[in-house]
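**Q** File name start-v1.txt; file contents compact mmCIF, C-alpha atoms and all ligand atoms; full text below.
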```
# COMPACT_ATOMS: atom_id res chain seq x y z
CA MET A 1 0.00 0.00 0.00
CA ARG A 2 1.25 3.47 -0.86
CA GLU A 3 2.49 5.65 2.01
CA HIS A 4 0.59 8.86 2.76
CA ALA A 5 1.48 12.06 4.60
CA ASP A 6 0.09 15.54 5.02
CA PHE A 7 3.52 16.97 4.27
CA VAL A 8 6.67 15.67 2.66
CA VAL A 9 9.74 17.73 3.55
CA ILE A 10 12.65 17.26 1.13
CA GLY A 11 16.03 17.60 2.90
CA GLY A 12 17.24 16.84 6.39
CA GLY A 13 19.35 19.92 7.04
CA LEU A 14 18.54 22.72 9.48
CA ALA A 15 15.76 24.08 7.26
CA GLY A 16 14.07 20.72 6.71
CA CYS A 17 14.18 19.59 10.33
CA ALA A 18 13.00 22.99 11.60
CA VAL A 19 10.14 23.11 9.07
CA ALA A 20 9.13 19.57 10.07
CA TYR A 21 9.15 20.55 13.75
CA HIS A 22 6.81 23.48 13.18
CA LEU A 23 4.48 21.56 10.86
CA ALA A 24 4.19 18.74 13.40
CA ARG A 25 4.12 20.81 16.58
CA ASP A 26 2.15 23.88 15.49
CA GLY A 27 -0.08 22.23 12.89
CA GLY A 28 -0.40 18.74 14.33
CA ALA A 29 0.42 17.59 10.80
CA ASP A 30 1.56 14.17 9.70
CA VAL A 31 5.06 14.91 8.35
CA VAL A 32 7.72 12.83 6.62
CA VAL A 33 11.25 14.22 6.18
CA LEU A 34 13.17 12.62 3.31
CA GLU A 35 16.96 12.95 3.41
CA GLN A 36 19.07 11.39 0.70
CA GLY A 37 22.10 10.98 2.97
CA GLU A 38 22.43 11.63 6.69
CA LEU A 39 20.83 14.42 8.69
CA ASN A 40 22.99 17.55 9.04
CA ALA A 41 25.65 16.16 6.69
CA ALA A 42 25.52 19.04 4.18
CA ALA A 43 25.86 22.80 4.78
CA SER A 44 23.96 22.79 8.09
CA GLY A 45 26.51 20.59 9.84
CA ASN A 46 29.64 21.97 8.19
CA ASN A 47 29.21 25.69 8.65
CA SER A 48 30.97 28.11 10.99
CA GLY A 49 28.01 28.63 13.29
CA SER A 50 28.02 32.45 13.14
CA PHE A 51 24.94 34.57 13.65
CA HIS A 52 25.22 37.34 11.08
CA ALA A 53 23.17 40.53 11.21
CA GLN A 54 25.47 43.03 9.47
CA ILE A 55 25.49 43.26 5.68
CA PRO A 56 28.37 41.09 4.44
CA VAL A 57 31.40 43.00 3.19
CA GLU A 58 32.17 41.05 0.04
CA PRO A 59 28.93 41.66 -1.90
CA PHE A 60 28.83 45.23 -0.56
CA LEU A 61 32.26 45.87 -2.08
CA ASN A 62 31.58 43.95 -5.29
CA GLN A 63 27.92 44.75 -5.97
CA GLY A 64 27.70 48.21 -4.42
CA GLU A 65 25.22 50.23 -2.44
CA GLY A 66 22.34 49.64 -4.88
CA TRP A 67 22.66 45.95 -4.12
CA ALA A 68 22.79 46.65 -0.39
CA HIS A 69 19.48 48.53 -0.51
CA ARG A 70 17.83 45.62 -2.36
CA PHE A 71 19.32 43.16 0.11
CA ALA A 72 18.45 45.23 3.21
CA PRO A 73 14.96 43.75 3.89
CA THR A 74 16.74 40.40 4.36
CA LEU A 75 18.28 41.86 7.54
CA ARG A 76 14.87 41.60 9.23
CA LEU A 77 14.90 37.86 8.66
CA MET A 78 18.44 37.62 10.05
CA MET A 79 17.47 39.65 13.13
CA GLY A 80 14.39 37.43 13.48
CA GLY A 81 16.70 34.43 13.17
CA ILE A 82 18.97 35.55 15.97
CA ALA A 83 16.02 36.32 18.24
CA ARG A 84 14.64 32.86 17.46
CA TRP A 85 17.98 31.19 18.27
CA MET A 86 17.83 32.69 21.76
CA GLU A 87 14.61 30.76 22.41
CA LEU A 88 15.79 27.43 21.07
CA PRO A 89 17.91 25.90 23.86
CA GLY A 90 14.97 26.19 26.26
CA GLU A 91 12.24 25.34 23.78
CA LEU A 92 14.03 22.32 22.32
CA GLY A 93 15.56 21.24 25.65
CA ALA A 94 19.00 21.55 24.05
CA PRO A 95 21.63 23.42 26.10
CA GLU A 96 24.24 21.80 23.84
CA LEU A 97 23.34 24.35 21.15
CA GLU A 98 25.81 26.73 22.88
CA VAL A 99 23.87 29.79 21.76
CA THR A 100 25.64 33.03 22.68
CA ALA A 101 25.42 36.61 21.47
CA LYS A 102 28.36 38.66 22.70
CA GLY A 103 28.33 40.95 19.70
CA GLY A 104 29.98 41.10 16.31
CA ILE A 105 32.69 43.61 15.41
CA MET A 106 33.70 44.56 11.90
CA VAL A 107 37.26 45.84 11.95
CA ALA A 108 38.63 48.61 9.70
CA ARG A 109 42.38 48.85 9.31
CA ARG A 110 42.36 51.72 6.78
CA PRO A 111 40.37 55.00 6.74
CA ALA A 112 38.63 54.01 3.47
CA GLU A 113 37.35 50.84 5.14
CA LEU A 114 35.93 52.87 8.01
CA GLU A 115 34.20 55.16 5.53
CA MET A 116 32.72 52.09 3.80
CA LEU A 117 31.45 50.84 7.18
CA ARG A 118 29.90 54.24 7.85
CA ARG A 119 27.85 53.98 4.62
CA LYS A 120 27.00 50.33 5.15
CA SER A 121 25.94 50.78 8.77
CA ALA A 122 23.60 53.64 7.80
CA ILE A 123 21.68 51.17 5.61
CA GLU A 124 21.63 48.63 8.44
CA ARG A 125 20.38 51.14 11.00
CA ALA A 126 17.60 52.19 8.61
CA MET A 127 16.39 48.56 8.80
CA GLY A 128 16.30 48.74 12.61
CA LEU A 129 19.59 46.96 13.31
CA ASP A 130 21.50 48.13 16.37
CA VAL A 131 24.95 48.74 14.86
CA ARG A 132 27.36 51.36 16.14
CA LEU A 133 30.29 53.00 14.44
CA LEU A 134 33.33 53.04 16.75
CA ASP A 135 36.57 54.98 16.52
CA ARG A 136 40.00 53.47 17.12
CA ALA A 137 40.03 54.04 20.88
CA GLU A 138 36.52 52.61 21.30
CA MET A 139 37.36 49.54 19.21
CA LEU A 140 40.57 48.80 21.09
CA SER A 141 38.89 49.34 24.42
CA LEU A 142 36.07 46.93 23.45
CA ALA A 143 38.44 44.41 21.86
CA PRO A 144 42.01 44.84 23.16
CA TYR A 145 43.06 41.72 21.25
CA LEU A 146 42.76 43.57 17.91
CA ALA A 147 45.86 44.65 15.96
CA PRO A 148 47.14 48.13 16.87
CA GLU A 149 46.64 49.20 13.21
CA THR A 150 42.87 49.10 13.80
CA VAL A 151 41.41 52.49 12.86
CA GLY A 152 37.83 51.80 13.97
CA GLY A 153 34.87 49.65 13.03
CA THR A 154 31.33 48.68 13.82
CA CYS A 155 29.81 46.75 16.67
CA CYS A 156 26.52 44.89 16.43
CA PRO A 157 25.51 43.62 19.88
CA ILE A 158 23.08 40.91 18.75
CA GLU A 159 25.57 38.89 16.68
CA GLY A 160 26.94 35.65 18.10
CA LYS A 161 27.16 31.94 17.46
CA ALA A 162 25.84 28.46 18.11
CA ASN A 163 27.06 24.92 17.59
CA PRO A 164 26.16 23.70 14.08
CA LEU A 165 26.90 20.08 15.00
CA MET A 166 23.89 20.04 17.32
CA ALA A 167 21.12 22.27 15.98
CA THR A 168 19.62 20.14 13.19
CA PHE A 169 19.50 17.09 15.47
CA ALA A 170 17.77 19.07 18.22
CA PHE A 171 15.06 20.07 15.72
CA ALA A 172 14.85 16.52 14.35
CA ARG A 173 14.36 15.02 17.82
CA ALA A 174 11.75 17.65 18.68
CA ALA A 175 9.93 17.02 15.39
CA GLN A 176 9.93 13.28 16.12
CA ARG A 177 8.51 13.93 19.60
CA HIS A 178 5.58 15.56 17.79
CA GLY A 179 5.16 12.56 15.51
CA ALA A 180 7.27 13.46 12.46
CA ARG A 181 8.84 10.53 10.60
CA ILE A 182 12.41 10.96 9.38
CA ARG A 183 13.86 8.81 6.57
CA ARG A 184 17.60 8.86 6.05
CA GLY A 185 19.11 7.46 2.86
CA CYS A 186 15.92 8.24 0.96
CA ARG A 187 16.45 10.32 -2.16
CA VAL A 188 13.56 12.18 -3.76
CA THR A 189 13.72 11.73 -7.52
CA GLY A 190 10.66 13.58 -8.79
CA MET A 191 7.09 14.63 -8.11
CA THR A 192 3.88 14.77 -10.07
CA HIS A 193 0.37 16.06 -9.52
CA ASP A 194 -2.24 13.64 -8.23
CA GLY A 195 -5.40 15.70 -8.18
CA ALA A 196 -4.85 18.36 -5.54
CA ALA A 197 -2.14 16.20 -3.92
CA TRP A 198 1.40 15.25 -4.95
CA LEU A 199 3.04 11.94 -5.69
CA VAL A 200 6.61 12.17 -4.46
CA ALA A 201 8.89 9.58 -6.06
CA THR A 202 11.77 8.40 -3.90
CA SER A 203 14.52 5.79 -3.97
CA ALA A 204 12.31 3.81 -1.57
CA GLY A 205 8.93 4.09 -3.28
CA THR A 206 6.26 6.74 -3.79
CA ILE A 207 4.60 8.85 -1.08
CA ARG A 208 1.32 10.67 -1.61
CA ALA A 209 1.39 14.04 0.16
CA GLN A 210 -1.04 16.94 0.35
CA ARG A 211 1.85 19.38 0.39
CA VAL A 212 5.59 19.36 -0.20
CA VAL A 213 8.24 21.65 1.29
CA ASN A 214 11.49 21.84 -0.64
CA CYS A 215 14.33 22.26 1.87
CA ALA A 216 17.01 20.74 -0.35
CA GLY A 217 19.54 23.54 0.20
CA ALA A 218 21.99 23.83 -2.68
CA ALA A 219 19.93 21.22 -4.59
CA ALA A 220 16.66 23.15 -4.15
CA GLY A 221 16.93 24.53 -7.69
CA GLU A 222 17.25 21.01 -9.08
CA VAL A 223 14.09 19.97 -7.20
CA ALA A 224 12.20 23.05 -8.48
CA ALA A 225 13.38 22.27 -12.02
CA TRP A 226 11.41 18.99 -11.90
CA LEU A 227 8.34 21.23 -12.00
CA GLY A 228 9.75 23.28 -14.85
CA LEU A 229 10.81 26.20 -12.66
CA ASP A 230 14.12 27.92 -13.21
CA LEU A 231 15.21 29.43 -9.87
CA PRO A 232 18.53 31.30 -9.53
CA ILE A 233 19.92 28.85 -6.95
CA GLU A 234 23.63 28.12 -6.87
CA ALA A 235 26.00 25.74 -5.11
CA HIS A 236 29.53 26.83 -4.15
CA PRO A 237 32.30 25.09 -2.21
CA ILE A 238 33.52 27.28 0.67
CA GLN A 239 35.82 26.45 3.55
CA VAL A 240 36.41 26.83 7.29
CA THR A 241 39.43 26.26 9.55
CA VAL A 242 39.59 25.38 13.23
CA THR A 243 42.59 25.84 15.54
CA GLU A 244 43.70 24.00 18.63
CA ARG A 245 42.05 25.07 21.89
CA ALA A 246 43.30 28.21 23.58
CA GLU A 247 42.53 30.21 26.68
CA PRO A 248 39.63 32.68 26.26
CA LEU A 249 40.88 35.17 23.70
CA VAL A 250 38.06 36.47 21.51
CA PRO A 251 34.55 36.86 22.97
CA HIS A 252 33.14 38.50 19.81
CA LEU A 253 32.38 37.41 16.29
CA VAL A 254 35.12 39.28 14.39
CA TYR A 255 34.95 40.40 10.76
CA SER A 256 37.32 42.38 8.57
CA ALA A 257 36.10 45.37 6.58
CA ALA A 258 38.76 44.56 3.96
CA ASP A 259 37.71 41.09 2.84
CA ARG A 260 36.01 37.83 3.83
CA LEU A 261 36.64 36.96 7.47
CA SER A 262 34.64 35.53 10.31
CA LEU A 263 36.54 34.59 13.44
CA LYS A 264 35.27 33.47 16.81
CA GLN A 265 36.11 31.17 19.68
CA THR A 266 33.98 28.17 20.60
CA ALA A 267 32.88 27.30 24.12
CA GLN A 268 35.69 24.70 24.12
CA GLY A 269 38.36 27.27 23.16
CA SER A 270 39.01 26.49 19.48
CA VAL A 271 39.09 29.44 17.13
CA ILE A 272 36.92 29.01 14.04
CA ILE A 273 38.16 30.97 11.02
CA GLY A 274 36.02 31.33 7.92
CA GLY A 275 34.14 34.02 6.05
CA GLY A 276 33.25 32.30 2.79
CA TRP A 277 36.61 31.75 1.09
CA PRO A 278 36.16 29.45 -1.92
CA GLY A 279 37.12 25.80 -1.76
CA ARG A 280 37.61 23.60 -4.86
CA LEU A 281 35.71 20.70 -6.34
CA HIS A 282 37.91 17.61 -6.55
CA PRO A 283 38.50 16.88 -10.24
CA VAL A 284 37.79 13.15 -9.84
CA THR A 285 35.23 12.84 -7.05
CA GLY A 286 33.51 16.19 -7.57
CA LEU A 287 33.46 16.59 -3.78
CA PRO A 288 34.37 19.91 -2.11
CA VAL A 289 38.00 20.10 -0.97
CA VAL A 290 40.10 22.81 0.68
CA SER A 291 41.89 25.34 -1.51
CA GLU A 292 45.38 26.08 -0.17
CA ASP A 293 45.34 29.56 -1.70
CA SER A 294 42.13 30.38 0.14
CA LEU A 295 43.46 28.85 3.34
CA VAL A 296 46.59 31.01 3.28
CA ALA A 297 44.68 34.19 2.43
CA ASN A 298 42.02 33.52 5.08
CA LEU A 299 44.60 32.84 7.81
CA ARG A 300 46.72 35.85 6.79
CA LEU A 301 43.69 38.11 7.13
CA ALA A 302 42.78 36.53 10.48
CA ILE A 303 46.28 37.19 11.84
CA GLU A 304 46.30 40.76 10.54
CA VAL A 305 43.09 41.48 12.44
CA VAL A 306 43.73 39.35 15.57
CA PRO A 307 47.52 38.87 15.84
CA ALA A 308 47.33 36.37 18.74
CA VAL A 309 45.85 33.83 16.33
CA ALA A 310 49.35 33.45 14.81
CA ARG A 311 50.55 31.34 17.71
CA LEU A 312 47.69 28.82 17.46
CA ARG A 313 48.12 25.62 15.48
CA VAL A 314 45.53 24.75 12.88
CA VAL A 315 43.83 21.44 13.61
CA ARG A 316 41.65 21.05 10.54
CA SER A 317 40.23 22.79 7.50
CA TRP A 318 37.23 21.54 5.59
CA ALA A 319 35.14 22.55 2.62
CA ALA A 320 31.42 22.10 2.05
CA ILE A 321 28.82 23.24 -0.43
CA VAL A 322 26.91 26.36 0.49
CA ASN A 323 23.54 27.26 -1.02
CA GLY A 324 23.82 30.62 -2.74
CA THR A 325 22.10 33.19 -4.92
CA GLN A 326 23.81 36.04 -6.77
CA ASP A 327 21.72 38.66 -5.00
CA TRP A 328 22.05 36.99 -1.58
CA ARG A 329 18.28 37.20 -1.06
CA PRO A 330 16.30 34.23 0.23
CA ILE A 331 13.50 32.51 -1.69
CA LEU A 332 10.58 31.64 0.57
CA GLY A 333 7.06 30.61 -0.24
CA GLU A 334 4.75 28.69 -2.57
CA LEU A 335 6.05 27.96 -6.06
CA PRO A 336 4.18 29.91 -8.75
CA GLY A 337 1.76 27.68 -10.64
CA GLU A 338 2.41 24.73 -8.31
CA PRO A 339 -0.09 24.96 -5.44
CA GLY A 340 0.99 23.02 -2.39
CA VAL A 341 4.73 23.09 -3.12
CA PHE A 342 6.73 25.45 -0.92
CA LEU A 343 10.37 26.47 -0.90
CA CYS A 344 12.40 27.30 2.20
CA PHE A 345 15.74 28.58 0.94
CA PHE A 346 18.05 31.01 2.71
CA PRO A 347 21.39 31.44 0.92
CA TRP A 348 24.90 31.95 2.34
CA MET A 349 23.71 32.69 5.89
CA GLY A 350 21.03 30.06 6.37
CA PHE A 351 22.33 29.02 9.76
CA THR A 352 21.51 32.47 11.16
CA ALA A 353 18.06 32.79 9.64
CA GLY A 354 17.15 29.12 9.19
CA PRO A 355 15.09 28.54 12.35
CA HIS A 356 13.10 31.74 11.80
CA VAL A 357 12.37 31.34 8.09
CA ALA A 358 11.51 27.67 8.65
CA ARG A 359 8.77 28.75 11.02
CA LEU A 360 7.50 31.39 8.57
CA VAL A 361 7.38 28.88 5.70
CA ALA A 362 5.73 26.23 7.90
CA GLU A 363 3.05 28.74 8.91
CA LEU A 364 2.51 29.61 5.25
CA ALA A 365 2.26 25.94 4.29
CA LEU A 366 -0.19 25.33 7.14
CA GLY A 367 -2.35 28.19 5.84
CA ARG A 368 -1.75 30.18 9.02
CA ARG A 369 0.22 32.97 7.39
CA ALA A 370 -0.90 34.83 4.27
CA ALA A 371 1.33 34.88 1.21
CA ASP A 372 1.18 38.68 1.24
CA ASP A 373 2.37 38.84 4.85
CA PRO A 374 4.93 41.66 4.78
CA GLU A 375 7.54 39.59 6.60
CA ILE A 376 7.75 37.11 3.77
CA ALA A 377 5.97 38.51 0.69
CA GLY A 378 8.98 40.17 -0.94
CA PHE A 379 10.87 36.89 -0.99
CA ALA A 380 8.35 34.71 -2.82
CA PRO A 381 9.70 32.49 -5.63
CA GLY A 382 9.66 34.57 -8.80
CA ALA A 383 9.07 37.82 -6.84
C1 LIG B 401 31.51 26.09 5.04
C2 LIG B 401 30.23 26.83 5.32
C3 LIG B 401 30.20 27.83 6.29
C4 LIG B 401 29.01 28.50 6.57
N1 LIG B 401 28.98 29.39 7.62
C5 LIG B 401 27.80 29.94 7.98
C6 LIG B 401 27.71 30.75 9.14
O1 LIG B 401 28.69 30.92 9.87
N2 LIG B 401 26.53 31.35 9.43
C7 LIG B 401 25.42 31.18 8.64
O2 LIG B 401 24.38 31.77 8.94
N3 LIG B 401 25.45 30.34 7.58
C8 LIG B 401 26.60 29.72 7.22
N4 LIG B 401 26.65 28.88 6.15
C9 LIG B 401 25.43 28.67 5.36
C10 LIG B 401 24.49 27.67 6.03
O3 LIG B 401 25.20 26.56 6.50
C11 LIG B 401 23.42 27.21 5.03
O4 LIG B 401 22.84 28.34 4.40
C12 LIG B 401 22.32 26.42 5.73
O5 LIG B 401 22.87 25.39 6.51
C13 LIG B 401 21.37 25.80 4.68
O6 LIG B 401 20.54 24.87 5.35
P1 LIG B 401 19.57 23.95 4.51
O7 LIG B 401 18.92 23.03 5.47
O8 LIG B 401 18.74 24.78 3.61
O9 LIG B 401 20.55 23.12 3.52
P2 LIG B 401 21.50 21.88 3.81
O10 LIG B 401 22.07 21.88 5.15
O11 LIG B 401 22.46 21.84 2.65
O12 LIG B 401 20.52 20.64 3.72
C14 LIG B 401 19.88 20.26 2.53
C15 LIG B 401 19.66 18.77 2.60
O13 LIG B 401 18.85 18.36 1.51
C16 LIG B 401 19.26 17.07 1.11
N5 LIG B 401 18.78 16.83 -0.25
C17 LIG B 401 19.10 17.53 -1.36
N6 LIG B 401 18.47 16.99 -2.43
C18 LIG B 401 17.72 15.94 -1.97
C19 LIG B 401 16.86 15.00 -2.58
N7 LIG B 401 16.63 15.02 -3.91
N8 LIG B 401 16.27 14.06 -1.81
C20 LIG B 401 16.49 14.01 -0.47
N9 LIG B 401 17.32 14.88 0.17
C21 LIG B 401 17.92 15.84 -0.58
C22 LIG B 401 20.78 17.16 1.22
O14 LIG B 401 21.38 15.87 1.28
C23 LIG B 401 20.96 17.97 2.48
O15 LIG B 401 21.14 17.15 3.64
C24 LIG B 401 27.84 28.20 5.84
C25 LIG B 401 27.86 27.20 4.86
C26 LIG B 401 29.05 26.50 4.60
C27 LIG B 401 29.05 25.41 3.58
```
As structure tokens, how would this structure be written, given the file I've shared?
**A**
Amino acid sequence: MREHADFVVIGGGLAGCAVAYHLARDGGADVVVLEQGELNAAASGNNSGSFHAQIPVEPFLNQGEGWAHRFAPTLRLMMGGIARWMELPGELGAPELEVTAKGGIMVARRPAELEMLRRKSAIERAMGLDVRLLDRAEMLSLAPYLAPETVGGTCCPIEGKANPLMATFAFARAAQRHGARIRRGCRVTGMTHDGAAWLVATSAGTIRAQRVVNCAGAAAGEVAAWLGLDLPIEAHPIQVTVTERAEPLVPHLVYSAADRLSLKQTAQGSVIIGGGWPGRLHPVTGLPVVSEDSLVANLRLAIEVVPAVARLRVVRSWAAIVNGTQDWRPILGELPGEPGVFLCFFPWMGFTAGPHVARLVAELALGRRAADDPEIAGFAPGA
């Protein structure tokens, strides 16, 4: 007999497990999560765990202020994401999430960088983000571990971090407590209409579902293409490095205003260094691997900004595929012309916003949030 469900969720990353949790808990729905590999094995479990609220430097420098104004509404979802993270350890019964928000600082080492931060932070403040421009003395007083060449920067008190190894599993367990079924090693291969419902074809048979939520991350475009939709979804290998443990050194999430850098210290003392430097795809396996050029450039920048990092030994670097879009904006909502199929896709910074946008999309899919709800409307597929 064919399996049935109210909802099929495609993808067992942070987005998929969080969507499943809200569908099952808030809607009492019968939910099946289908994951082709293991839970949390893609971007959600391989990221740096930063909570970003400031506009990222790289697209600001490369795509300009016009881009930043188009991107700016996304900041509300990132702020909503960070606020949501603060609730999660208690709500999910998961202190192991290691959620902290001791503030993020973006460090300028040249006057032109400080001027860029002044323009960027004005856009951020207009969206309601608490971000302050600091001069050299204020920066060094706040963060005495910074290089003496620091000329100033910004501070955003809500930024912080959590443990990406734990979050997806906490959502998955909570979803299961509310009755969700989770299938690992079950690849979705296509879907077709069946009246008002959907037949979801998988490597383990067909499931008939009233609604489908596409949470396939970097593969979400491929899934949408089965329905003839061409969404601007990309997949890029990027990399992260972790050092040996050290005494408490850096309480903040540290960025550079010059280039890609995110640097922070975990609860256990390791320093995590990332920021979106590109990895490579292995020519034979096609799997993401670390680029030495990126590793050197990333570490050089880290040491320029926080010199004490130079004495720490690197333990490991890894690369993973991040879900991206050129404009950095998320795509959230029901697919045009395909009633009952929803997309939950937050590019580049989907760890920060994931738990929040998952709830928004689940509410939409449950019919409890209108498609023209201002929080989500501007991000609809094809908008
Ligand atoms: C190295 C790195 C560092 C990052 N650092 C940060 C950071 O510090 N802060 C931040 O906010 N964000 C960061 N990100 C981005 C963030 O990790 C992602 O945006 C987020 O995890 C995306 O979550 P997701 O659940 O949508 O996708 P994923 O975690 O990629 O999950 C998608 C899942 O769908 C499954 N799937 C795909 N196709 C199918 C199919 N046909 N059938 C069944 N299953 C399928 C995949 O196997 C996968 O498990 C980083 C990403 C990377 C790679």
**Q** What's the 10 Å shell around Asp293 (chain A), counting only C-alpha atoms, without same-chain residues fewer than 4 positions away, as a PyMOL selection string?
**A** chain A and resi 277-279+297-298
**Q** Tell me which protein, DNA and RNA residues are within 8 Å of Pro288 (chain A), counting all atoms listed in the file, leaving out same-chain ones fewer than 6 positions away, and put them as a PyMOL selection string.
**A** chain A and resi 237-238+279-282+319-321
**Q** Residues within 6 Å of ligand LIG 401 (chain B), counting only C-alpha atoms and all ligand atoms: report them as number ranges by chain.
**A** A: 10-16, 34-37, 39-44, 46-51, 186-189, 215-219, 238-240, 319-323, 345-352
**Q** Quick one: residues within 7 Å of Met78 (chain A), only C-alpha atoms, excluding same-chain residues fewer than 3 positions away - as an MDAnalysis selection string?
**A** chainID A and resid 52:53 74:75 81:82 352:353
**Q** Can you measure CA of Ala365 (chain A) to CA of Gln326 (chain A) for me? One decimal in Å is fine.
**A**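 Rounded to one decimal, the two atoms are 26.2 Å apart.
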**Q** When distances are computed from all atoms listed in the file, which of A:Trp198, A:Phe60, A:Phe379, A:Phe71 shows the smallest separation from Ile331 (chain A)?
**A**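 Counting all atoms listed in the file, the residue closest to Ile331 (chain A) is A:Phe379.
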**Q** In Å to one decimal, how far is CA of Val309 (chain A) from CA of Pro144 (chain A)?
**A**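 Computed distance, CA of Pro144 (chain A) to CA of Val309 (chain A), equals 13.5 Å.
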**Q** Which residue, A:Ala101, A:Ala370, A:Val32, A:Leu23, has the smallest gap to Ala162 (chain A) when you use all atoms listed in the file?
**A**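 Distance minimum relative to Ala162 (chain A) lands on A:Ala101.
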**Q** Report, in Å to a single decimal, how far apart CA of Glu115 (chain A) and CA of Lys264 (chain A) are.
**A**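 Computing it gives 24.5 Å between the two atoms.
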**Q** Near Glu96 (chain A), counting all atoms listed in the file, which residues have an atom at most 12 Å away, once you skip same-chain residues fewer than 2 positions from it, shown as a list of chain:residue names?
**A**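 Selected residues are A:Leu88, A:Pro89, A:Gly90, A:Leu92, A:Gly93, A:Ala94, A:Glu98, A:Val99, A:Thr100, A:Ala162, A:Asn163, A:Pro164, A:Leu165, A:Met166, A:Ala167, A:Thr168, A:Phe169, A:Ala170, A:Ala267, A:Gln268.
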**Q** Rank A:Trp328, A:Trp67, A:Phe7, A:Tyr21 by their smallest atom-to-atom distance to Lys120 (chain A), using all atoms listed in the file, and report the top residue only.
**A**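 Going through A:Trp328, A:Trp67, A:Phe7, A:Tyr21 one by one, the smallest distance to Lys120 (chain A) is for A:Trp67.
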**Q** Taking all atoms listed in the file into account, name the residue in A:Arg2, A:Arg211, A:His69, A:Arg184 that is nearest to Leu364 (chain A).
**A**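 For Leu364 (chain A), the nearest of the given residues is A:Arg211.
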**Q** Could you check which of A:Glu65, A:Asp373, A:Glu38, A:Glu338 is closest to Met191 (chain A), using only C-alpha atoms?
**A** A:Glu338
**Q** Set the distance at 10 Å and use all atoms listed in the file: which residues neighbour Pro111 (chain A) once local chain neighbours fewer than 5 positions away are removed? I'd like the list as a list of chain:residue names.
**A**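 The residues that qualify are A:Met116, A:Leu117, A:Thr150, A:Val151, A:Gly152, A:Gly153.
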**Q** In file coordinates, which residues lie within 10 Å of (43.3, 22.8, 28.5) using only C-alpha atoms, given as a PyMOL selection string?
**A** chain A and resi 244-247+268-269
**Q** Name the closest residue to Ser270 (chain A) among the candidates A:Ala258, A:Leu312, A:Leu253, A:Val305; distances are taken between atoms, counting all atoms listed in the file.
**A**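 Using all atoms listed in the file, the shortest distance to Ser270 (chain A) belongs to A:Leu312.
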